[in-house]
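What's in data.cif: mmCIF, C-alpha atoms and all ligand atoms
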data_run
loop_
_atom_site.group_PDB
_atom_site.id
_atom_site.type_symbol
_atom_site.label_atom_id
_atom_site.label_comp_id
_atom_site.auth_asym_id
_atom_site.auth_seq_id
_atom_site.Cartn_x
_atom_site.Cartn_y
_atom_site.Cartn_z
ATOM 1 C CA MET A 1 -2.323 -14.120 18.200
ATOM 2 C CA ASN A 2 -2.071 -11.156 15.942
ATOM 3 C CA LYS A 3 1.125 -9.210 15.955
ATOM 4 C CA LYS A 4 0.604 -5.592 14.999
ATOM 5 C CA TRP A 5 3.188 -4.114 12.750
ATOM 6 C CA SER A 6 3.732 -0.417 12.293
ATOM 7 C CA ILE A 7 5.945 1.184 9.720
ATOM 8 C CA GLY A 8 8.457 1.952 12.483
ATOM 9 C CA LYS A 9 8.610 -1.651 13.644
ATOM 10 C CA ILE A 10 8.931 -2.877 10.085
ATOM 11 C CA ARG A 11 11.813 -0.507 9.442
ATOM 12 C CA GLU A 12 13.504 -1.782 12.578
ATOM 13 C CA PHE A 13 12.978 -5.389 11.509
ATOM 14 C CA VAL A 14 14.384 -4.665 8.055
ATOM 15 C CA GLU A 15 17.450 -2.979 9.505
ATOM 16 C CA LYS A 16 18.142 -5.779 11.959
ATOM 17 C CA ASN A 17 17.334 -8.743 9.748
ATOM 18 C CA SER A 18 18.528 -7.799 6.284
ATOM 19 C CA ASP A 19 20.952 -5.697 4.288
ATOM 20 C CA SER A 20 18.053 -3.858 2.690
ATOM 21 C CA VAL A 21 16.542 -0.538 3.680
ATOM 22 C CA LEU A 22 12.851 0.260 3.883
ATOM 23 C CA LEU A 23 11.899 3.199 1.684
ATOM 24 C CA SER A 24 8.145 3.179 2.214
ATOM 25 C CA THR A 25 6.879 5.566 4.849
ATOM 26 C CA GLU A 26 3.398 4.150 5.327
ATOM 27 C CA TYR A 27 2.082 0.710 6.105
ATOM 28 C CA HIS A 28 -1.538 -0.208 5.494
ATOM 29 C CA GLY A 29 -1.576 -3.971 5.840
ATOM 30 C CA PHE A 30 -0.109 -7.305 4.809
ATOM 31 C CA SER A 31 -1.289 -7.087 1.209
ATOM 32 C CA GLN A 32 0.458 -3.788 0.610
ATOM 33 C CA LYS A 33 3.700 -3.827 -1.324
ATOM 34 C CA LEU A 34 6.477 -1.986 0.434
ATOM 35 C CA LEU A 35 9.397 -0.357 -1.300
ATOM 36 C CA PHE A 36 12.859 -1.502 -0.280
ATOM 37 C CA LYS A 37 16.364 -0.609 -1.327
ATOM 38 C CA CYS A 38 18.664 -3.582 -1.706
ATOM 39 C CA ALA A 39 22.299 -3.513 -0.573
ATOM 40 C CA CYS A 40 23.294 -3.590 -4.260
ATOM 41 C CA GLY A 41 21.461 -0.319 -4.866
ATOM 42 C CA ASN A 42 18.392 -1.681 -6.655
ATOM 43 C CA ASN A 43 14.937 -0.769 -5.423
ATOM 44 C CA PHE A 44 12.392 -3.531 -5.177
ATOM 45 C CA GLU A 45 8.786 -3.969 -4.077
ATOM 46 C CA LYS A 46 7.559 -6.771 -1.877
ATOM 47 C CA THR A 47 4.864 -7.373 0.681
ATOM 48 C CA PHE A 48 6.144 -7.549 4.235
ATOM 49 C CA THR A 49 4.657 -11.037 4.495
ATOM 50 C CA LYS A 50 6.993 -12.282 1.762
ATOM 51 C CA PHE A 51 9.921 -10.297 3.051
ATOM 52 C CA LYS A 52 9.590 -11.693 6.538
ATOM 53 C CA GLY A 53 7.915 -15.068 6.059
ATOM 54 C CA ASN A 54 9.545 -16.237 2.827
ATOM 55 C CA HIS A 55 12.944 -14.711 3.550
ATOM 56 C CA GLN A 56 12.810 -12.691 0.348
ATOM 57 C CA ARG A 57 14.970 -9.954 1.719
ATOM 58 C CA LYS A 58 16.926 -8.914 -1.348
ATOM 59 C CA CYS A 59 16.059 -7.687 -4.815
ATOM 60 C CA ASP A 60 15.273 -10.167 -7.592
ATOM 61 C CA THR A 61 18.766 -9.731 -9.017
ATOM 62 C CA CYS A 62 20.537 -10.748 -5.817
ATOM 63 C CA GLN A 63 17.940 -13.340 -4.899
ATOM 64 C CA PRO A 64 15.993 -14.577 -7.922
ATOM 65 C CA PRO A 65 12.512 -15.899 -7.151
ATOM 66 C CA LYS A 66 12.553 -19.667 -6.707
ATOM 67 C CA ALA A 67 11.222 -21.599 -9.653
ATOM 68 C CA SER A 68 8.553 -23.923 -8.395
ATOM 69 C CA ARG A 69 9.662 -27.283 -9.648
HETATM 70 ZN ZN ZN A 101 20.185 -6.554 -4.946
#

Serialized structure, structure tokens:
Amino acid sequence: MNKKWSIGKIREFVEKNSDSVLLSTEYHGFSQKLLFKCACGNNFEKTFTKFKGNHQRKCDTCQPPKASR
């Protein structure tokens, strides 16, 4: 089952599920990087797949990428 995401729904998800704010105003698909503003004030780019699926919902300063070891 494919869930369709629009930029409006993504913004809603971001507001409800994180302390970050969505800055991007267009959404073209899962491979697109969206621009977010972290609660600390930093802007960061991430695909919505990572944001939602991998719980990467903050900037790299607040939530450094996991080292894979
Ligand atoms: Zn941050």

(message) I want to know what sits within 12 Å of Phe13 of chain A, based on only C-alpha atoms, with residues of the same chain fewer than 4 positions away left out; could you give that as a ChimeraX atom specification?
(response) /A:5-9,17-22,48,51-52,57

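With atom CA of Thr25 of chain A on one side and atom CA of Cys38 of chain A on the other, the separation reads 16.3 Å.
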
(message) To test your reading of the syntax: which residues would the PyMOL selection byres (((not hetatm)) within 12 of (chain A and resi 101)) return for the file shown? Reply as a PyMOL selection string.
(response) chain A and resi 18-21+36-45+56-64

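In this structure, atom CA of Lys16 of chain A sits 20.7 Å away from atom CA of Gly29 of chain A.
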
(message) I need the residue nearest Asn54 of chain A from this list: A:Lys33, A:Lys66, A:His28, A:Arg11. Use all atoms listed in the file for the distance.
(response) A:Lys66

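The space between atom CA of Leu23 of chain A and atom CA of Leu35 of chain A spans 5.3 Å.
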
(message) Counting all atoms listed in the file, I want the residues whose atoms come within 8 Å of (1.9, -7.5, 1.9) in the file frame, returned as a count of residues only.
(response) 11
